[in-house]
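**Q** I am attaching a structure below and will ask some questions about it afterwards.
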Amino acid sequence: MRILVLNNYPFQEVWEEIKQGKKPAHHLYGVDVMEREGHEVILVPFRKSQFWMKLSKWISKIPFIEFGDLDQQVSALKMLNQCDVVYSPCQTQTWLLSYLRVIGLVQKPIVSMGHHPFVKGRFPKLRIPFLRWSFAGTDAYPALSEYVANEIRSLCKSTRTKPLFWGPDMRYYAYKPSLGNYVVVSGRTGRDYLTFGKAASQTNVPSKIICLKRDYKDEFTSFGNNVEVVCHDKSIDYHEMCEIYQNARIIAIPFVHTHNLCGLTSLTDALAMGKPVIMTKTEFIDLDIEKEGIGIWVESGDEEGWRNAIEKIYSDENLAQQMGLKARKLAESRLNYNEFSCDVIELLEKVVQKDKSN
């Protein structure tokens, strides 16, 4: 297959970092595996035209219809004759292409991936006709959660979507079973450091908060002496973060209540590192960490819940060890990047085969 790829961050730069061992490959959403399997991968230029970028920003103010990244899509339109299928791991990049496919101006099949709910924002009901239009022009729309897949099913043919678990690149992580001696939280998207810090301060458990300076709040000064807050100007090196995880007993993933997918990257790290997880309860992650015996859910903003969960796992070394082993086993057996990539490639092959038979 010849696969034309659009994404909302520069895959070429990320791919180079992955080749240099600076980060795990799952941030490529299967693209590297496609090439390794013998498929031709064509990356659409990222941020090529200032005109189309500015127009995208302006047109995004229309409240009930999405057009997506016009800069990438205009480039893609000029490259369609080079490919058999269009693939976007991000739901923001193919809106215009999907509309054009419905009216016959784009002939190549399109596969996009849903991360977050679509029916939201101002005038949600007015968005639905345009969502139906876009889904009708997208040949397959896998999602990172059953919740988003169900939303897609409600607006188009149910066969066009299914949930896929975005798992870790197991080759990247230097896994060493170890108990660790603190609980750590990091991450950028919607993290609720304040609730975690207050809860951890009510325990004697050594705790670390790794955050960006922009996320620092004055209230952090009220945390107990057992809570260390480390602020950085930018995200720290992935290898350094993995070393921090390696020496932790628990990986905490607290976030504010949101109607979006949040915390999945940290969860994949925890699985690969074989660490227990305490996580804000969310409907956008299909893995039930309690049912699988790898962690504890806590309601959003529940200080007491966080305190109890931290104390329960940290104080029981056998429980922490067993949770960590189960987490690693899940990642090794089925919840990993290789399985995810194979599922994506299978979807792409199916839509190409169907398109050629029509």
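By order of appearance in the structure tokens: chains A, B, ..., then residues from 1 within every chain, and ligands from 1 in the order shown.
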Please return, as a list in words, all residues of segment 32-137 of chain A that DSSP assigns to strand (DSSP E) on the basis of the backbone.
**A** Glu40, Val41, Ile42, Leu43, Val85, Val86, Tyr87, Ser88, Ile110, Val111 and Ser112 of chain A
**Q** With C-alpha atoms retained, could you export that selection as an mmCIF file, in the first residue's frame?
**A**
```cif
data_model
loop_
_atom_site.group_PDB
_atom_site.id
_atom_site.type_symbol
_atom_site.label_atom_id
_atom_site.label_comp_id
_atom_site.auth_asym_id
_atom_site.auth_seq_id
_atom_site.Cartn_x
_atom_site.Cartn_y
_atom_site.Cartn_z
ATOM 1 C CA GLU A 40 5.179 3.090 1.283
ATOM 2 C CA VAL A 41 4.574 5.901 3.774
ATOM 3 C CA ILE A 42 4.208 9.438 2.415
ATOM 4 C CA LEU A 43 4.149 12.193 5.050
ATOM 5 C CA VAL A 85 -5.259 5.488 1.101
ATOM 6 C CA VAL A 86 -5.215 8.559 3.352
ATOM 7 C CA TYR A 87 -4.478 7.943 7.044
ATOM 8 C CA SER A 88 -4.738 10.449 9.878
ATOM 9 C CA ILE A 110 -9.805 7.925 4.153
ATOM 10 C CA VAL A 111 -9.075 6.459 7.589
ATOM 11 C CA SER A 112 -9.049 8.789 10.602
#
```
**Q** Which one is closest to Leu325 of chain A: A:Ser178, A:Ser154, A:Ser341, A:Gln246? Count only C-alpha atoms.
**A** A:Ser178
**Q** Any idea what's packed within 10 Å of Glu317 of chain A, counting only C-alpha atoms, ignoring anything in its chain fewer than 6 positions away? Could you give it as a PyMOL selection string?
**A** chain A and resi 179-180+249+323
**Q** Quick one: write out the picked residues with C-alpha atoms as a PDB file, in the first residue's frame?
**A**
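For reference, out-v5.pdb as written:
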```pdb
ATOM      1  CA  LEU A 179       9.318  -1.860  44.149  1.00  0.00           C
ATOM      2  CA  GLY A 180      10.356   1.814  44.172  1.00  0.00           C
ATOM      3  CA  ARG A 249       6.332   2.526  43.565  1.00  0.00           C
ATOM      4  CA  MET A 323      -0.169  -4.888  40.544  1.00  0.00           C
TER       5      MET A 323
END
```
**Q** Ranking A:Gly167, A:Ile285, A:Leu264, A:Ala252 by minimum distance to Ala331 of chain A and counting only C-alpha atoms, which one comes first?
**A** A:Gly167
**Q** With a distance cut-off of 9 Å and only C-alpha atoms, select the neighbouring residues of segment 47-53 of chain A, excluding the residue or stretch itself and same-chain residues fewer than 3 positions from it, and output the selection as a short mmCIF file (atom, residue, chain, number, x, y, z; two decimals) with N, CA and C atoms, in the first residue's frame.
**A**
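Below you can see out-v4.cif, which holds the result:
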```
data_model
loop_
_atom_site.label_atom_id
_atom_site.label_comp_id
_atom_site.auth_asym_id
_atom_site.auth_seq_id
_atom_site.Cartn_x
_atom_site.Cartn_y
_atom_site.Cartn_z
N PRO A 10 4.41 17.32 13.86
CA PRO A 10 5.30 16.93 12.76
C PRO A 10 5.87 15.51 12.92
N SER A 56 -7.11 28.62 8.30
CA SER A 56 -7.61 27.57 9.21
C SER A 56 -7.98 28.15 10.56
N LYS A 57 -7.12 29.02 11.07
CA LYS A 57 -7.37 29.64 12.37
C LYS A 57 -8.61 30.51 12.33
N TRP A 58 -8.78 31.25 11.25
CA TRP A 58 -9.94 32.13 11.12
C TRP A 58 -11.23 31.34 10.98
N ASP A 69 -7.36 21.15 9.53
CA ASP A 69 -6.10 21.79 9.14
C ASP A 69 -6.06 21.96 7.63
N LEU A 70 -6.41 23.15 7.17
CA LEU A 70 -6.46 23.41 5.72
C LEU A 70 -5.09 23.32 5.08
N ASP A 71 -4.06 23.73 5.82
CA ASP A 71 -2.70 23.70 5.28
C ASP A 71 -2.32 22.27 4.86
N GLN A 72 -2.49 21.33 5.77
CA GLN A 72 -2.15 19.93 5.44
C GLN A 72 -3.08 19.36 4.38
N VAL A 74 -4.79 20.85 1.96
CA VAL A 74 -4.50 21.38 0.62
C VAL A 74 -3.27 20.68 0.04
N SER A 75 -2.26 20.49 0.88
CA SER A 75 -1.08 19.74 0.43
C SER A 75 -1.46 18.31 0.05
#
```
**Q** Quick one: DSSP helix (DSSP H, G or I) residues in segment 41-103 of chain A, as a PyMOL selection string?
**A** chain A and resi 50-59+70-82+95-102
**Q** Could you take the residues named above and write them with C-alpha atoms, as a PDB file, in the first residue's frame?
**A**
```pdb
ATOM      1  CA  GLN A  50       1.203  30.599   6.256  1.00  0.00           C
ATOM      2  CA  PHE A  51      -1.848  31.557   4.180  1.00  0.00           C
ATOM      3  CA  TRP A  52      -3.664  28.254   4.727  1.00  0.00           C
ATOM      4  CA  MET A  53      -2.603  28.149   8.374  1.00  0.00           C
ATOM      5  CA  LYS A  54      -4.069  31.629   8.999  1.00  0.00           C
ATOM      6  CA  LEU A  55      -7.245  30.734   7.095  1.00  0.00           C
ATOM      7  CA  SER A  56      -7.606  27.573   9.207  1.00  0.00           C
ATOM      8  CA  LYS A  57      -7.367  29.640  12.369  1.00  0.00           C
ATOM      9  CA  TRP A  58      -9.935  32.133  11.124  1.00  0.00           C
ATOM     10  CA  ILE A  59     -12.423  29.550   9.824  1.00  0.00           C
ATOM     11  CA  LEU A  70      -6.464  23.411   5.720  1.00  0.00           C
ATOM     12  CA  ASP A  71      -2.701  23.701   5.280  1.00  0.00           C
ATOM     13  CA  GLN A  72      -2.150  19.932   5.444  1.00  0.00           C
ATOM     14  CA  GLN A  73      -5.319  19.090   3.535  1.00  0.00           C
ATOM     15  CA  VAL A  74      -4.500  21.380   0.618  1.00  0.00           C
ATOM     16  CA  SER A  75      -1.078  19.736   0.431  1.00  0.00           C
ATOM     17  CA  ALA A  76      -2.742  16.317   0.611  1.00  0.00           C
ATOM     18  CA  LEU A  77      -5.088  17.160  -2.264  1.00  0.00           C
ATOM     19  CA  LYS A  78      -2.030  17.728  -4.476  1.00  0.00           C
ATOM     20  CA  MET A  79      -0.551  14.372  -3.416  1.00  0.00           C
ATOM     21  CA  LEU A  80      -3.581  12.078  -3.744  1.00  0.00           C
ATOM     22  CA  ASN A  81      -2.335  10.562  -6.991  1.00  0.00           C
ATOM     23  CA  GLN A  82       0.683   9.218  -5.066  1.00  0.00           C
ATOM     24  CA  TRP A  95     -12.566  17.161   7.788  1.00  0.00           C
ATOM     25  CA  LEU A  96     -12.410  18.952   4.443  1.00  0.00           C
ATOM     26  CA  LEU A  97     -11.129  15.842   2.636  1.00  0.00           C
ATOM     27  CA  SER A  98     -14.042  13.807   3.991  1.00  0.00           C
ATOM     28  CA  TYR A  99     -16.608  16.388   2.798  1.00  0.00           C
ATOM     29  CA  LEU A 100     -15.019  16.340  -0.654  1.00  0.00           C
ATOM     30  CA  ARG A 101     -15.051  12.535  -0.703  1.00  0.00           C
ATOM     31  CA  VAL A 102     -18.825  12.500  -0.179  1.00  0.00           C
TER      32      VAL A 102
END
```
**Q** Per residue of segment 211-321 of chain A within 12 Å of segment 120-133 of chain A, what are the shortest atom pair and its distance in Å to one decimal, counting only C-alpha atoms, with rows by chain and residue number, as a tab-separated table?
**A**
```
residue	atom	partner	partner_atom	distance
A:Thr258	CA	A:Lys120	CA	11.7
A:His259	CA	A:Lys120	CA	8.6
A:Asn260	CA	A:Lys120	CA	10.0
```
**Q** So that I can see what lies close to Ser158 of chain A, please list as a ChimeraX atom specification the residues with an atom at most 12 Å from it, counting only C-alpha atoms and leaving out residues fewer than 4 positions away in the same chain.
**A** /A:135-136,139-142,149-154,162-163
**Q** For those residues, write C-alpha atoms to a file as a compact mmCIF listing (two decimals), in the first residue's frame.
**A**
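As written to disk, again25.txt reads:
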```
# COMPACT_ATOMS: atom_id res chain seq x y z
CA PHE A 135 -18.29 10.31 8.81
CA ALA A 136 -19.97 9.39 5.51
CA ASP A 139 -14.14 4.92 5.11
CA ALA A 140 -13.00 3.79 8.56
CA TYR A 141 -12.99 5.72 11.83
CA PRO A 142 -11.40 3.66 14.63
CA ALA A 149 -16.65 4.61 18.95
CA ASN A 150 -20.27 4.49 20.18
CA GLU A 151 -20.69 8.17 19.36
CA ILE A 152 -19.43 7.53 15.83
CA ARG A 153 -21.74 4.49 15.49
CA SER A 154 -24.72 6.66 16.40
CA LYS A 162 -14.23 0.03 16.50
CA PRO A 163 -12.15 0.82 19.59
```
**Q** Go through A:Val256, A:Ala327, A:Ala174, A:Val205 one by one, measure the shortest atom-to-atom distance of each to Gly301 of chain A using only C-alpha atoms, and give the residue with the smallest value.
**A**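 Nearest candidate to Gly301 of chain A out of A:Val256, A:Ala327, A:Ala174, A:Val205: A:Val256.
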**Q** Just the number, please: distance in Å from atom CA of Leu28 of chain A to atom CA of Gln91 of chain A, one decimal.
**A**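 Going from atom CA of Leu28 of chain A over to atom CA of Gln91 of chain A covers 14.6 Å.
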**Q** Hey, what's within 12 Å of Ile18 of chain A if we count only C-alpha atoms and toss same-chain stuff fewer than 3 positions away? As an MDAnalysis selection string, please?
**A** chainID A and resid 11:15 21:28 31:32 169 171:172 238:239
**Q** Residues at most 8 Å from segment 266-280 of chain A, counting only C-alpha atoms, excluding those fewer than 5 positions away in the same chain, as a ChimeraX atom specification?
**A** /A:166-170,173-177,186-187,242,245-246,248-255,289,294-300,306,309-310,320-321,323-332
**Q** Selection from above, N, CA and C atoms, as a CSV table (one decimal), in the first residue's frame, can you write it?
**A**
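What landed in part.csv:
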```csv
chain,number,residue,atom,x,y,z
A,166,TRP,N,-4.4,2.0,22.4
A,166,TRP,CA,-3.1,2.5,22.0
A,166,TRP,C,-2.1,2.2,23.1
A,167,GLY,N,-1.3,1.1,22.8
A,167,GLY,CA,-0.4,0.6,23.8
A,167,GLY,C,1.0,1.0,23.6
A,168,PRO,N,1.9,0.7,24.6
A,168,PRO,CA,3.3,1.2,24.6
A,168,PRO,C,4.2,0.4,23.6
A,169,ASP,N,5.2,1.1,23.1
A,169,ASP,CA,6.3,0.4,22.4
A,169,ASP,C,7.2,-0.3,23.3
A,170,MET,N,7.0,-1.6,23.4
A,170,MET,CA,7.7,-2.4,24.5
A,170,MET,C,9.2,-2.4,24.3
A,173,TYR,N,11.3,0.6,26.5
A,173,TYR,CA,11.4,0.7,27.9
A,173,TYR,C,12.4,-0.4,28.5
A,174,ALA,N,13.3,0.1,29.3
A,174,ALA,CA,14.2,-0.8,30.0
A,174,ALA,C,13.6,-1.3,31.3
A,175,TYR,N,12.8,-2.3,31.2
A,175,TYR,CA,12.0,-2.8,32.3
A,175,TYR,C,12.9,-3.6,33.3
A,176,LYS,N,12.8,-3.2,34.5
A,176,LYS,CA,13.4,-3.9,35.6
A,176,LYS,C,12.5,-4.0,36.8
A,177,PRO,N,12.0,-5.2,37.1
A,177,PRO,CA,11.0,-5.3,38.3
A,177,PRO,C,11.6,-4.7,39.5
A,186,SER,N,3.1,13.0,36.7
A,186,SER,CA,3.7,13.9,35.6
A,186,SER,C,2.6,14.1,34.5
A,187,GLY,N,3.0,14.7,33.5
A,187,GLY,CA,2.0,14.9,32.4
A,187,GLY,C,1.6,16.3,32.2
A,242,CYS,N,11.6,8.1,32.3
A,242,CYS,CA,11.5,6.6,32.6
A,242,CYS,C,12.3,6.2,33.8
A,245,TYR,N,10.2,7.0,36.7
A,245,TYR,CA,9.2,6.0,36.8
A,245,TYR,C,9.7,4.7,37.4
A,246,GLN,N,10.9,4.3,36.9
A,246,GLN,CA,11.6,3.1,37.4
A,246,GLN,C,11.7,3.1,38.9
A,248,ALA,N,9.9,4.7,41.1
A,248,ALA,CA,8.6,4.9,41.8
A,248,ALA,C,7.9,3.6,42.1
A,249,ARG,N,7.2,3.7,43.2
A,249,ARG,CA,6.3,2.5,43.6
A,249,ARG,C,5.0,2.6,42.9
A,250,ILE,N,4.5,3.8,42.7
A,250,ILE,CA,3.2,4.1,42.1
A,250,ILE,C,3.3,5.2,41.1
A,251,ILE,N,2.6,5.1,40.0
A,251,ILE,CA,2.4,6.2,39.0
A,251,ILE,C,1.0,6.7,39.2
A,252,ALA,N,0.9,8.0,39.5
A,252,ALA,CA,-0.4,8.6,39.7
A,252,ALA,C,-0.8,9.4,38.5
A,253,ILE,N,-2.1,9.3,38.1
A,253,ILE,CA,-2.6,10.1,36.9
A,253,ILE,C,-3.9,10.8,37.3
A,254,PRO,N,-3.7,11.9,38.1
A,254,PRO,CA,-4.9,12.7,38.4
A,254,PRO,C,-5.2,13.8,37.4
A,255,PHE,N,-6.4,14.0,37.0
A,255,PHE,CA,-6.7,15.1,36.1
A,255,PHE,C,-8.1,15.7,36.5
A,289,ILE,N,-8.7,-0.5,35.3
A,289,ILE,CA,-7.5,-0.8,36.1
A,289,ILE,C,-7.8,-1.6,37.3
A,294,ILE,N,-4.6,-3.8,38.5
A,294,ILE,CA,-3.3,-3.0,38.3
A,294,ILE,C,-3.4,-1.7,39.0
A,295,GLY,N,-4.5,-1.3,39.6
A,295,GLY,CA,-4.6,0.0,40.2
A,295,GLY,C,-5.9,0.3,40.8
A,296,ILE,N,-6.1,1.6,41.1
A,296,ILE,CA,-7.3,2.1,41.8
A,296,ILE,C,-7.9,3.3,41.1
A,297,TRP,N,-9.2,3.4,40.8
A,297,TRP,CA,-9.8,4.5,40.3
A,297,TRP,C,-10.2,5.5,41.4
A,298,VAL,N,-10.1,6.8,41.2
A,298,VAL,CA,-10.5,7.8,42.2
A,298,VAL,C,-11.4,8.8,41.4
A,299,GLU,N,-12.5,9.2,42.1
A,299,GLU,CA,-13.3,10.2,41.4
A,299,GLU,C,-12.6,11.6,41.3
A,300,SER,N,-13.0,12.4,40.3
A,300,SER,CA,-12.3,13.7,40.1
A,300,SER,C,-12.4,14.6,41.4
A,306,TRP,N,-8.0,9.9,47.0
A,306,TRP,CA,-6.6,9.9,46.6
A,306,TRP,C,-5.7,9.5,47.8
A,309,ALA,N,-6.2,5.7,48.5
A,309,ALA,CA,-5.5,4.9,47.5
A,309,ALA,C,-4.0,4.9,47.6
A,310,ILE,N,-3.4,6.0,47.8
A,310,ILE,CA,-2.0,6.1,48.0
A,310,ILE,C,-1.5,5.3,49.1
A,320,ALA,N,1.5,-3.9,45.8
A,320,ALA,CA,2.2,-3.0,44.8
A,320,ALA,C,2.9,-3.9,43.8
A,321,GLN,N,3.6,-4.9,44.3
A,321,GLN,CA,4.4,-5.7,43.4
A,321,GLN,C,3.6,-6.5,42.5
A,323,MET,N,0.5,-5.8,41.5
A,323,MET,CA,-0.2,-4.9,40.5
A,323,MET,C,0.8,-4.5,39.4
A,324,GLY,N,2.1,-4.3,39.8
A,324,GLY,CA,3.1,-4.0,38.8
A,324,GLY,C,3.3,-5.1,37.8
A,325,LEU,N,3.4,-6.3,38.3
A,325,LEU,CA,3.6,-7.5,37.5
A,325,LEU,C,2.5,-7.7,36.5
A,326,LYS,N,1.2,-7.5,37.0
A,326,LYS,CA,0.1,-7.7,36.2
A,326,LYS,C,0.0,-6.6,35.1
A,327,ALA,N,0.4,-5.4,35.4
A,327,ALA,CA,0.4,-4.3,34.4
A,327,ALA,C,1.4,-4.6,33.3
A,328,ARG,N,2.6,-5.1,33.7
A,328,ARG,CA,3.6,-5.4,32.6
A,328,ARG,C,3.1,-6.6,31.8
A,329,LYS,N,2.5,-7.6,32.4
A,329,LYS,CA,2.0,-8.8,31.7
A,329,LYS,C,0.9,-8.4,30.7
A,330,LEU,N,0.0,-7.5,31.1
A,330,LEU,CA,-1.0,-7.0,30.1
A,330,LEU,C,-0.3,-6.3,28.9
A,331,ALA,N,0.7,-5.5,29.1
A,331,ALA,CA,1.4,-4.9,28.0
A,331,ALA,C,2.1,-5.9,27.1
A,332,GLU,N,2.7,-6.8,27.7
A,332,GLU,CA,3.4,-7.8,27.0
A,332,GLU,C,2.5,-8.7,26.1
```
**Q** Between A:Leu261, A:Cys83, A:Lys108, A:Asp316, which residue has the minimum interatomic distance to Lys354 of chain A, considering only C-alpha atoms?
**A**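 Selected residue with least distance to Lys354 of chain A: A:Lys108.
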**Q** Using only C-alpha atoms, which of the listed residues (A:Arg191, A:Lys217, A:Arg36, A:His232) sits closest to Gly263 of chain A?
**A**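 For Gly263 of chain A, the nearest of the given residues is A:Arg191.
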**Q** For Val351 of chain A, which of A:Gly30, A:His39, A:Pro109, A:Glu146 is the closest residue, counting only C-alpha atoms?
**A**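 Among A:Gly30, A:His39, A:Pro109, A:Glu146, it is A:Pro109 that comes nearest to Val351 of chain A.
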